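Undergrad: Input target.pdb, format and content: PDB, C-alpha atoms, pLDDT in the B column.
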ATOM      1  CA  MET A   1     -23.150  23.365  44.262  1.00 41.00           C
ATOM      2  CA  THR A   2     -25.374  24.311  47.140  1.00 43.00           C
ATOM      3  CA  LYS A   3     -28.944  23.267  47.533  1.00 48.00           C
ATOM      4  CA  SER A   4     -30.037  26.891  47.015  1.00 47.00           C
ATOM      5  CA  ARG A   5     -28.676  26.759  43.445  1.00 57.00           C
ATOM      6  CA  GLY A   6     -30.946  23.891  42.430  1.00 68.00           C
ATOM      7  CA  TRP A   7     -29.340  20.731  43.779  1.00 82.00           C
ATOM      8  CA  ILE A   8     -31.409  18.309  45.829  1.00 80.00           C
ATOM      9  CA  THR A   9     -30.514  15.160  47.696  1.00 86.00           C
ATOM     10  CA  ALA A  10     -31.270  11.682  46.384  1.00 83.00           C
ATOM     11  CA  GLU A  11     -33.799  11.254  49.186  1.00 83.00           C
ATOM     12  CA  GLU A  12     -35.591  14.473  48.203  1.00 81.00           C
ATOM     13  CA  HIS A  13     -35.569  13.422  44.554  1.00 78.00           C
ATOM     14  CA  GLU A  14     -37.130  10.063  45.453  1.00 80.00           C
ATOM     15  CA  LYS A  15     -39.850  11.833  47.475  1.00 79.00           C
ATOM     16  CA  GLN A  16     -40.658  14.008  44.476  1.00 80.00           C
ATOM     17  CA  LEU A  17     -40.946  10.956  42.256  1.00 74.00           C
ATOM     18  CA  GLN A  18     -43.177   9.169  44.760  1.00 80.00           C
ATOM     19  CA  ALA A  19     -45.469  12.207  44.784  1.00 80.00           C
ATOM     20  CA  ASP A  20     -45.937  11.907  41.005  1.00 77.00           C
ATOM     21  CA  PRO A  21     -48.884   9.512  40.340  1.00 80.00           C
ATOM     22  CA  GLU A  22     -47.791   8.836  36.755  1.00 80.00           C
ATOM     23  CA  PHE A  23     -44.296   7.853  37.886  1.00 73.00           C
ATOM     24  CA  VAL A  24     -45.702   5.572  40.589  1.00 69.00           C
ATOM     25  CA  LEU A  25     -47.967   3.863  38.033  1.00 75.00           C
ATOM     26  CA  ARG A  26     -45.078   3.384  35.585  1.00 78.00           C
ATOM     27  CA  ARG A  27     -42.772   1.980  38.260  1.00 76.00           C
ATOM     28  CA  THR A  28     -45.486  -0.356  39.554  1.00 72.00           C
ATOM     29  CA  ALA A  29     -46.161  -1.630  36.033  1.00 72.00           C
ATOM     30  CA  GLN A  30     -42.444  -2.146  35.394  1.00 78.00           C
ATOM     31  CA  MET A  31     -41.971  -4.048  38.644  1.00 74.00           C
ATOM     32  CA  LYS A  32     -44.996  -6.219  37.895  1.00 66.00           C
ATOM     33  CA  ALA A  33     -43.731  -6.985  34.382  1.00 65.00           C
ATOM     34  CA  LEU A  34     -40.286  -7.878  35.759  1.00 69.00           C
ATOM     35  CA  ALA A  35     -41.769 -10.176  38.403  1.00 63.00           C
ATOM     36  CA  GLU A  36     -43.950 -11.881  35.778  1.00 69.00           C
ATOM     37  CA  ARG A  37     -40.966 -12.411  33.479  1.00 71.00           C
ATOM     38  CA  GLU A  38     -38.886 -13.869  36.312  1.00 76.00           C
ATOM     39  CA  GLU A  39     -41.712 -16.246  37.194  1.00 84.00           C
ATOM     40  CA  LEU A  40     -42.092 -17.340  33.561  1.00 79.00           C
ATOM     41  CA  LEU A  41     -38.352 -18.024  33.342  1.00 71.00           C
ATOM     42  CA  ARG A  42     -38.393 -19.890  36.661  1.00 84.00           C
ATOM     43  CA  ARG A  43     -41.192 -22.136  35.406  1.00 93.00           C
ATOM     44  CA  ALA A  44     -39.513 -22.637  32.028  1.00 93.00           C
ATOM     45  CA  GLU A  45     -36.224 -23.627  33.645  1.00 96.00           C
ATOM     46  CA  ALA A  46     -37.831 -25.951  36.202  1.00 96.00           C
ATOM     47  CA  PRO A  47     -37.117 -29.211  34.265  1.00 97.00           C
ATOM     48  CA  LEU A  48     -33.409 -28.376  34.084  1.00 97.00           C
ATOM     49  CA  VAL A  49     -33.223 -27.313  37.738  1.00 96.00           C
ATOM     50  CA  GLU A  50     -34.999 -30.547  38.744  1.00 97.00           C
ATOM     51  CA  ASP A  51     -32.549 -32.691  36.755  1.00 97.00           C
ATOM     52  CA  LEU A  52     -29.583 -30.866  38.263  1.00 96.00           C
ATOM     53  CA  THR A  53     -31.053 -31.272  41.748  1.00 96.00           C
ATOM     54  CA  ARG A  54     -31.346 -35.032  41.192  1.00 96.00           C
ATOM     55  CA  LEU A  55     -27.604 -35.053  40.493  1.00 95.00           C
ATOM     56  CA  GLY A  56     -26.907 -33.181  43.724  1.00 94.00           C
ATOM     57  CA  PHE A  57     -26.530 -29.667  42.296  1.00 95.00           C
ATOM     58  CA  GLU A  58     -28.747 -27.433  44.419  1.00 92.00           C
ATOM     59  CA  VAL A  59     -29.133 -24.315  42.265  1.00 94.00           C
ATOM     60  CA  LYS A  60     -32.061 -22.039  41.494  1.00 93.00           C
ATOM     61  CA  SER A  61     -30.815 -21.457  37.946  1.00 95.00           C
ATOM     62  CA  VAL A  62     -28.139 -22.760  35.596  1.00 95.00           C
ATOM     63  CA  TRP A  63     -26.535 -19.327  35.918  1.00 94.00           C
ATOM     64  CA  PHE A  64     -25.562 -20.242  39.495  1.00 94.00           C
ATOM     65  CA  LEU A  65     -24.007 -23.573  38.530  1.00 95.00           C
ATOM     66  CA  LYS A  66     -20.246 -23.618  39.162  1.00 93.00           C
ATOM     67  CA  ASN A  67     -18.277 -25.352  36.422  1.00 92.00           C
ATOM     68  CA  ASN A  68     -14.818 -25.049  37.987  1.00 89.00           C
ATOM     69  CA  ASN A  69     -14.741 -28.211  40.092  1.00 89.00           C
ATOM     70  CA  SER A  70     -14.398 -31.929  39.421  1.00 89.00           C
ATOM     71  CA  GLU A  71     -18.026 -32.634  40.385  1.00 93.00           C
ATOM     72  CA  PHE A  72     -19.265 -30.516  37.475  1.00 95.00           C
ATOM     73  CA  ARG A  73     -18.421 -33.282  34.964  1.00 95.00           C
ATOM     74  CA  ARG A  74     -21.499 -35.193  36.146  1.00 96.00           C
ATOM     75  CA  ALA A  75     -23.718 -32.325  35.014  1.00 97.00           C
ATOM     76  CA  ILE A  76     -22.382 -32.153  31.445  1.00 98.00           C
ATOM     77  CA  PRO A  77     -24.650 -34.854  29.895  1.00 98.00           C
ATOM     78  CA  VAL A  78     -27.725 -33.234  31.478  1.00 97.00           C
ATOM     79  CA  LEU A  79     -26.709 -29.778  30.246  1.00 98.00           C
ATOM     80  CA  LEU A  80     -26.083 -31.070  26.726  1.00 98.00           C
ATOM     81  CA  ASP A  81     -29.508 -32.693  26.709  1.00 98.00           C
ATOM     82  CA  HIS A  82     -31.224 -29.507  27.866  1.00 98.00           C
ATOM     83  CA  LEU A  83     -29.187 -27.313  25.502  1.00 98.00           C
ATOM     84  CA  ARG A  84     -31.149 -28.810  22.588  1.00 97.00           C
ATOM     85  CA  ARG A  85     -34.535 -28.039  24.152  1.00 96.00           C
ATOM     86  CA  PRO A  86     -36.584 -24.948  23.223  1.00 94.00           C
ATOM     87  CA  TYR A  87     -35.872 -22.869  26.302  1.00 96.00           C
ATOM     88  CA  PRO A  88     -35.987 -19.054  26.306  1.00 96.00           C
ATOM     89  CA  ASP A  89     -32.723 -17.539  25.071  1.00 96.00           C
ATOM     90  CA  VAL A  90     -31.491 -16.446  28.490  1.00 96.00           C
ATOM     91  CA  ILE A  91     -31.676 -20.038  29.740  1.00 96.00           C
ATOM     92  CA  ARG A  92     -30.039 -21.590  26.658  1.00 97.00           C
ATOM     93  CA  SER A  93     -27.330 -18.968  26.925  1.00 97.00           C
ATOM     94  CA  GLY A  94     -26.717 -19.908  30.561  1.00 97.00           C
ATOM     95  CA  ILE A  95     -26.495 -23.601  29.652  1.00 98.00           C
ATOM     96  CA  ALA A  96     -23.972 -22.859  26.897  1.00 98.00           C
ATOM     97  CA  GLN A  97     -21.880 -20.684  29.222  1.00 97.00           C
ATOM     98  CA  ALA A  98     -21.767 -23.485  31.789  1.00 97.00           C
ATOM     99  CA  LEU A  99     -20.475 -25.877  29.103  1.00 98.00           C
ATOM    100  CA  ALA A 100     -17.481 -23.648  28.268  1.00 97.00           C
ATOM    101  CA  VAL A 101     -14.975 -26.049  29.865  1.00 97.00           C
ATOM    102  CA  ARG A 102     -12.504 -28.568  28.457  1.00 96.00           C
ATOM    103  CA  ALA A 103     -14.408 -31.483  29.983  1.00 96.00           C
ATOM    104  CA  THR A 104     -17.279 -30.832  27.553  1.00 97.00           C
ATOM    105  CA  ARG A 105     -15.221 -31.604  24.446  1.00 97.00           C
ATOM    106  CA  LYS A 106     -15.063 -35.365  24.907  1.00 96.00           C
ATOM    107  CA  ILE A 107     -18.831 -35.950  24.884  1.00 96.00           C
ATOM    108  CA  GLY A 108     -20.301 -32.661  23.734  1.00 97.00           C
ATOM    109  CA  TRP A 109     -18.175 -31.199  20.950  1.00 98.00           C
ATOM    110  CA  ARG A 110     -20.428 -32.339  18.093  1.00 98.00           C
ATOM    111  CA  ILE A 111     -23.519 -31.021  19.865  1.00 98.00           C
ATOM    112  CA  LEU A 112     -21.897 -27.613  20.447  1.00 98.00           C
ATOM    113  CA  VAL A 113     -20.830 -27.377  16.801  1.00 98.00           C
ATOM    114  CA  GLU A 114     -24.301 -28.314  15.537  1.00 98.00           C
ATOM    115  CA  GLU A 115     -26.028 -25.869  17.872  1.00 98.00           C
ATOM    116  CA  PHE A 116     -23.602 -23.083  16.937  1.00 98.00           C
ATOM    117  CA  ARG A 117     -24.153 -23.665  13.223  1.00 97.00           C
ATOM    118  CA  ASN A 118     -27.930 -23.991  13.532  1.00 97.00           C
ATOM    119  CA  THR A 119     -28.621 -21.059  15.863  1.00 97.00           C
ATOM    120  CA  GLY A 120     -29.699 -18.014  13.889  1.00 94.00           C
ATOM    121  CA  TYR A 121     -28.965 -14.352  14.479  1.00 91.00           C
ATOM    122  CA  ASP A 122     -32.385 -13.765  15.919  1.00 94.00           C
ATOM    123  CA  HIS A 123     -30.831 -15.582  18.917  1.00 96.00           C
ATOM    124  CA  LYS A 124     -27.491 -13.760  19.009  1.00 96.00           C
ATOM    125  CA  GLU A 125     -27.037 -14.024  22.791  1.00 97.00           C
ATOM    126  CA  VAL A 126     -27.312 -17.803  22.508  1.00 98.00           C
ATOM    127  CA  LYS A 127     -25.037 -17.956  19.460  1.00 98.00           C
ATOM    128  CA  ASP A 128     -22.373 -15.880  21.228  1.00 98.00           C
ATOM    129  CA  SER A 129     -22.600 -18.147  24.284  1.00 98.00           C
ATOM    130  CA  LEU A 130     -22.272 -21.234  22.102  1.00 98.00           C
ATOM    131  CA  GLY A 131     -19.175 -19.673  20.544  1.00 98.00           C
ATOM    132  CA  ALA A 132     -17.770 -19.153  24.045  1.00 98.00           C
ATOM    133  CA  ALA A 133     -18.609 -22.784  24.885  1.00 98.00           C
ATOM    134  CA  LEU A 134     -16.745 -24.026  21.806  1.00 98.00           C
ATOM    135  CA  SER A 135     -13.765 -21.870  22.657  1.00 98.00           C
ATOM    136  CA  GLY A 136     -13.715 -23.058  26.272  1.00 98.00           C
ATOM    137  CA  ALA A 137     -14.128 -26.733  25.344  1.00 98.00           C
ATOM    138  CA  ALA A 138     -11.576 -26.770  22.516  1.00 98.00           C
ATOM    139  CA  ASP A 139      -8.185 -28.410  22.669  1.00 97.00           C
ATOM    140  CA  ASN A 140      -5.649 -29.220  19.954  1.00 97.00           C
ATOM    141  CA  SER A 141      -7.574 -32.325  18.884  1.00 97.00           C
ATOM    142  CA  VAL A 142     -10.381 -30.137  17.504  1.00 98.00           C
ATOM    143  CA  MET A 143      -8.333 -27.092  16.541  1.00 98.00           C
ATOM    144  CA  GLU A 144      -8.690 -27.655  12.810  1.00 98.00           C
ATOM    145  CA  GLU A 145     -12.481 -27.630  13.099  1.00 98.00           C
ATOM    146  CA  LEU A 146     -12.480 -24.605  15.418  1.00 98.00           C
ATOM    147  CA  ILE A 147     -10.370 -22.710  12.878  1.00 98.00           C
ATOM    148  CA  GLY A 148     -12.749 -23.780  10.112  1.00 98.00           C
ATOM    149  CA  LEU A 149     -15.697 -22.381  12.060  1.00 98.00           C
ATOM    150  CA  ALA A 150     -13.857 -19.121  12.675  1.00 98.00           C
ATOM    151  CA  LYS A 151     -13.170 -18.770   8.956  1.00 98.00           C
ATOM    152  CA  ASP A 152     -16.768 -19.450   7.954  1.00 98.00           C
ATOM    153  CA  ARG A 153     -18.125 -15.937   7.403  1.00 96.00           C
ATOM    154  CA  SER A 154     -21.682 -17.215   7.147  1.00 96.00           C
ATOM    155  CA  LEU A 155     -21.544 -17.670  10.937  1.00 96.00           C
ATOM    156  CA  GLY A 156     -21.231 -13.912  11.451  1.00 95.00           C
ATOM    157  CA  THR A 157     -19.804 -11.922  14.328  1.00 96.00           C
ATOM    158  CA  SER A 158     -20.237 -14.690  16.898  1.00 97.00           C
ATOM    159  CA  ARG A 159     -17.017 -16.095  15.413  1.00 98.00           C
ATOM    160  CA  ILE A 160     -15.248 -13.561  17.633  1.00 98.00           C
ATOM    161  CA  MET A 161     -16.032 -15.865  20.548  1.00 98.00           C
ATOM    162  CA  LEU A 162     -13.995 -18.649  18.899  1.00 98.00           C
ATOM    163  CA  LEU A 163     -10.798 -16.651  18.742  1.00 98.00           C
ATOM    164  CA  ARG A 164      -9.832 -17.185  22.373  1.00 96.00           C
ATOM    165  CA  GLY A 165      -9.737 -20.957  21.867  1.00 97.00           C
ATOM    166  CA  ILE A 166      -7.532 -20.599  18.779  1.00 98.00           C
ATOM    167  CA  ARG A 167      -5.249 -18.077  20.455  1.00 96.00           C
ATOM    168  CA  ARG A 168      -4.765 -20.419  23.427  1.00 96.00           C
ATOM    169  CA  SER A 169      -3.309 -23.148  21.181  1.00 97.00           C
ATOM    170  CA  ARG A 170       0.419 -23.320  20.505  1.00 96.00           C
ATOM    171  CA  LEU A 171      -0.033 -25.235  17.264  1.00 97.00           C
ATOM    172  CA  PRO A 172       1.569 -23.510  14.240  1.00 97.00           C
ATOM    173  CA  GLN A 173      -1.738 -23.672  12.342  1.00 97.00           C
ATOM    174  CA  ALA A 174      -3.434 -21.741  15.140  1.00 97.00           C
ATOM    175  CA  SER A 175      -0.945 -18.879  14.871  1.00 96.00           C
ATOM    176  CA  GLN A 176      -1.280 -18.946  11.085  1.00 97.00           C
ATOM    177  CA  ALA A 177      -5.074 -18.842  11.377  1.00 97.00           C
ATOM    178  CA  ILE A 178      -4.964 -15.802  13.664  1.00 96.00           C
ATOM    179  CA  ALA A 179      -2.725 -14.026  11.131  1.00 96.00           C
ATOM    180  CA  GLU A 180      -5.179 -14.826   8.334  1.00 96.00           C
ATOM    181  CA  LEU A 181      -8.250 -13.894  10.381  1.00 97.00           C
ATOM    182  CA  ALA A 182      -6.714 -10.506  11.164  1.00 95.00           C
ATOM    183  CA  ASP A 183      -7.871  -9.482   7.668  1.00 95.00           C
ATOM    184  CA  ASP A 184     -11.476 -10.519   8.334  1.00 96.00           C
ATOM    185  CA  PRO A 185     -13.544  -7.317   8.773  1.00 96.00           C
ATOM    186  CA  GLU A 186     -15.641  -8.856  11.548  1.00 96.00           C
ATOM    187  CA  LEU A 187     -12.657 -10.151  13.521  1.00 96.00           C
ATOM    188  CA  ALA A 188      -9.901  -7.656  12.775  1.00 95.00           C
ATOM    189  CA  LYS A 189     -10.713  -5.231  15.601  1.00 94.00           C
ATOM    190  CA  GLU A 190     -10.577  -7.962  18.246  1.00 95.00           C
ATOM    191  CA  ILE A 191      -7.273  -9.359  16.982  1.00 95.00           C
ATOM    192  CA  LYS A 192      -5.708  -5.899  16.736  1.00 92.00           C
ATOM    193  CA  SER A 193      -6.703  -5.233  20.349  1.00 92.00           C
ATOM    194  CA  TRP A 194      -4.473  -8.156  21.431  1.00 88.00           C
ATOM    195  CA  ARG A 195      -1.501  -6.613  19.709  1.00 72.00           C
ATOM    196  CA  ARG A 196      -2.052  -3.271  21.441  1.00 62.00           C
ATOM    197  CA  LYS A 197      -2.259  -4.970  24.846  1.00 60.00           C
ATOM    198  CA  SER A 198       0.955  -6.942  24.270  1.00 56.00           C
ATOM    199  CA  LYS A 199       3.029  -3.810  23.543  1.00 50.00           C
TER     200      LYS A 199
END
For the file at hand, write its structure as structure tokens.
TA:
Amino acid sequence: MTKSRGWITAEEHEKQLQADPEFVLRRTAQMKALAEREELLRRAEAPLVEDLTRLGFEVKSVWFLKNNNSEFRRAIPVLLDHLRRPYPDVIRSGIAQALAVRATRKIGWRILVEEFRNTGYDHKEVKDSLGAALSGAADNSVMEELIGLAKDRSLGTSRIMLLRGIRRSRLPQASQAIAELADDPELAKEIKSWRRKSK
């Protein structure tokens, strides 16, 4: 399409928007609200960032913490402690995601299970992240409990996050559990998607 038939460049479009006082006011308000939210989260997360800094982890947020090296193990007790604090959901979710490693199981499995069970669906992002943490931390020593959690329908759709940990196991009971869970309405779609990908 040519410009004569109604198309304008992105630069021209931006100029038109900037000439609209209502748009400018809306954008300014949105940017202010975003900056205020980021500042509130920064202040809320400060105790965790300070504790991580004392351990030698220089990060501005838990979301920047790398959990794929041997040094990360030193951060696990601090993260488990802060996981149980009343942080905003986005921060608790980041803590849970960081704990999604095998090294967490030895000292943090019970805490992850309790937090997963006790987190309600008004905090679904956190519950999903806790499910991912359980899946990432699980090994065969806790497979029976992981399967039990996945079968507990009262825990809702966040159980989907547990499936990866069960699927990773080569124990016969893990394969049997996946076959049984394939009939669960909340999990069936995910399990069927594996079968399609393996064809």
Undergrad: When you look at Leu65 (chain A) with a cut-off of 12 Å (counting all atoms listed in the file), what residues show up, excluding the ones that are within fewer than 2 positions of it in the same chain? I need them as a ChimeraX atom specification.
TA: /A:48-49,52-53,56-63,67-69,71-73,75-76,79,94-99
Undergrad: I need the residue set behind the PyMOL selection byres ((chain A and resi 156-170) around 7) for this file; please write it as a PDB file with C-alpha atoms, in the coordinates of the input.
TA:
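part-v1.pdb written:
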ATOM      1  CA  LYS A 127     -25.037 -17.956  19.460  1.00 98.00           C
ATOM      2  CA  ASP A 128     -22.373 -15.880  21.228  1.00 98.00           C
ATOM      3  CA  GLY A 131     -19.175 -19.673  20.544  1.00 98.00           C
ATOM      4  CA  ALA A 132     -17.770 -19.153  24.045  1.00 98.00           C
ATOM      5  CA  LEU A 134     -16.745 -24.026  21.806  1.00 98.00           C
ATOM      6  CA  SER A 135     -13.765 -21.870  22.657  1.00 98.00           C
ATOM      7  CA  GLY A 136     -13.715 -23.058  26.272  1.00 98.00           C
ATOM      8  CA  ALA A 138     -11.576 -26.770  22.516  1.00 98.00           C
ATOM      9  CA  ASN A 140      -5.649 -29.220  19.954  1.00 97.00           C
ATOM     10  CA  MET A 143      -8.333 -27.092  16.541  1.00 98.00           C
ATOM     11  CA  ILE A 147     -10.370 -22.710  12.878  1.00 98.00           C
ATOM     12  CA  ALA A 150     -13.857 -19.121  12.675  1.00 98.00           C
ATOM     13  CA  ARG A 153     -18.125 -15.937   7.403  1.00 96.00           C
ATOM     14  CA  SER A 154     -21.682 -17.215   7.147  1.00 96.00           C
ATOM     15  CA  LEU A 155     -21.544 -17.670  10.937  1.00 96.00           C
ATOM     16  CA  LEU A 171      -0.033 -25.235  17.264  1.00 97.00           C
ATOM     17  CA  PRO A 172       1.569 -23.510  14.240  1.00 97.00           C
ATOM     18  CA  ALA A 174      -3.434 -21.741  15.140  1.00 97.00           C
ATOM     19  CA  GLU A 186     -15.641  -8.856  11.548  1.00 96.00           C
ATOM     20  CA  LEU A 187     -12.657 -10.151  13.521  1.00 96.00           C
TER      21      LEU A 187
END
Undergrad: Could you tell me how far CA of Val101 (chain A) sits from CA of Ser141 (chain A), in Å to one decimal place?
TA: 14.7 Å
Undergrad: If you measure from CA of Gly120 (chain A) to CA of Arg92 (chain A), what distance in Å do you get, rounded to one decimal?
TA: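 So the two atoms, CA of Gly120 (chain A) and CA of Arg92 (chain A), lie 13.3 Å apart.
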Undergrad: Need the axis-aligned box for region 159-177 of chain A with 8 Å each side, so what are the centre and edges in Å to one decimal, as AutoDock Vina command-line options?
TA:
--center_x -7.7 --center_y -19.4 --center_z 17.3 --size_x 34.6 --size_y 27.7 --size_z 28.3
Undergrad: Which residue gives the smallest distance to Glu125 (chain A) among A:Pro88, A:Glu180, A:Leu149, A:Arg105, with all atoms listed in the file counted?
TA: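 Checking each of A:Pro88, A:Glu180, A:Leu149, A:Arg105 against Glu125 (chain A), counting all atoms listed in the file, the winner is A:Pro88.
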Undergrad: To one decimal in Å, tell me the separation between CA of Pro77 (chain A) and CA of Lys124 (chain A).
TA: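 Going from CA of Pro77 (chain A) over to CA of Lys124 (chain A) covers 23.9 Å.
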Undergrad: Rank A:Glu38, A:Ser193, A:Lys106, A:Leu112 by their smallest atom-to-atom distance to Arg84 (chain A), using only C-alpha atoms, and report the top residue only.
TA: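 Of all the options, A:Leu112 lies closest to Arg84 (chain A).
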Undergrad: Can you list, as a PyMOL selection string, the residues that the PyMOL selection byres ((chain A and resi 110) around 12) selects here?
TA: chain A and resi 80+104-109+111-117+130+133-134+137-138+142+145-146
Undergrad: Name all residues at most 9 Å from Leu41 (chain A) (count all atoms listed in the file; drop same-chain ones fewer than 3 positions away) and give them as a ChimeraX atom specification.
TA: /A:36-38,44-46,87-88,90-91
Undergrad: Keeping N, CA and C atoms, write region 47-75 of chain A of the structure just shown out as a short mmCIF file (atom, residue, chain, number, x, y, z; two decimals), in the first residue's frame.
TA:
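Everything below was put into selection-v6.cif:
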data_model
loop_
_atom_site.label_atom_id
_atom_site.label_comp_id
_atom_site.auth_asym_id
_atom_site.auth_seq_id
_atom_site.Cartn_x
_atom_site.Cartn_y
_atom_site.Cartn_z
N PRO A 47 14.93 -6.66 51.56
CA PRO A 47 15.50 -7.59 52.55
C PRO A 47 16.11 -8.84 51.91
N LEU A 48 15.46 -9.37 50.89
CA LEU A 48 15.99 -10.54 50.19
C LEU A 48 17.26 -10.19 49.44
N VAL A 49 17.23 -9.08 48.71
CA VAL A 49 18.41 -8.65 47.94
C VAL A 49 19.60 -8.42 48.89
N GLU A 50 19.34 -7.83 50.04
CA GLU A 50 20.40 -7.58 51.02
C GLU A 50 21.00 -8.89 51.53
N ASP A 51 20.14 -9.87 51.83
CA ASP A 51 20.64 -11.16 52.31
C ASP A 51 21.44 -11.88 51.24
N LEU A 52 21.00 -11.80 50.00
CA LEU A 52 21.74 -12.41 48.90
C LEU A 52 23.09 -11.72 48.69
N THR A 53 23.08 -10.40 48.82
CA THR A 53 24.33 -9.63 48.68
C THR A 53 25.33 -10.04 49.74
N ARG A 54 24.86 -10.26 50.97
CA ARG A 54 25.77 -10.69 52.04
C ARG A 54 26.42 -12.03 51.73
N LEU A 55 25.73 -12.85 50.94
CA LEU A 55 26.29 -14.15 50.55
C LEU A 55 27.20 -14.04 49.33
N GLY A 56 27.25 -12.86 48.73
CA GLY A 56 28.10 -12.67 47.55
C GLY A 56 27.37 -12.70 46.23
N PHE A 57 26.03 -12.72 46.28
CA PHE A 57 25.23 -12.70 45.05
C PHE A 57 24.76 -11.26 44.79
N GLU A 58 25.43 -10.63 43.85
CA GLU A 58 25.12 -9.22 43.54
C GLU A 58 24.02 -9.17 42.48
N VAL A 59 22.78 -9.14 42.91
CA VAL A 59 21.65 -9.07 41.98
C VAL A 59 20.68 -7.99 42.43
N LYS A 60 20.00 -7.39 41.47
CA LYS A 60 19.00 -6.38 41.80
C LYS A 60 17.66 -7.00 42.16
N SER A 61 17.46 -8.24 41.74
CA SER A 61 16.21 -8.95 42.01
C SER A 61 16.48 -10.44 41.96
N VAL A 62 15.64 -11.21 42.68
CA VAL A 62 15.77 -12.67 42.64
C VAL A 62 15.61 -13.20 41.22
N TRP A 63 14.90 -12.46 40.38
CA TRP A 63 14.70 -12.91 39.00
C TRP A 63 15.99 -12.93 38.20
N PHE A 64 17.03 -12.26 38.68
CA PHE A 64 18.32 -12.26 38.00
C PHE A 64 19.31 -13.25 38.62
N LEU A 65 18.87 -13.98 39.62
CA LEU A 65 19.74 -14.93 40.30
C LEU A 65 19.88 -16.19 39.45
N LYS A 66 21.11 -16.58 39.15
CA LYS A 66 21.35 -17.78 38.34
C LYS A 66 21.46 -19.00 39.25
N ASN A 67 20.66 -20.02 38.93
CA ASN A 67 20.63 -21.21 39.79
C ASN A 67 21.30 -22.41 39.14
N ASN A 68 22.11 -22.15 38.11
CA ASN A 68 22.72 -23.26 37.36
C ASN A 68 24.22 -23.40 37.61
N ASN A 69 24.67 -22.99 38.79
CA ASN A 69 26.09 -23.18 39.12
C ASN A 69 26.22 -23.68 40.55
N SER A 70 27.39 -24.19 40.88
CA SER A 70 27.60 -24.81 42.19
C SER A 70 27.48 -23.81 43.33
N GLU A 71 27.78 -22.55 43.09
CA GLU A 71 27.69 -21.52 44.12
C GLU A 71 26.25 -21.29 44.59
N PHE A 72 25.30 -21.57 43.73
CA PHE A 72 23.90 -21.30 44.04
C PHE A 72 23.43 -22.02 45.31
N ARG A 73 24.00 -23.18 45.60
CA ARG A 73 23.57 -23.96 46.77
C ARG A 73 23.59 -23.13 48.05
N ARG A 74 24.54 -22.19 48.13
CA ARG A 74 24.64 -21.36 49.34
C ARG A 74 23.43 -20.44 49.52
N ALA A 75 22.75 -20.16 48.42
CA ALA A 75 21.59 -19.26 48.48
C ALA A 75 20.30 -19.97 48.87
#
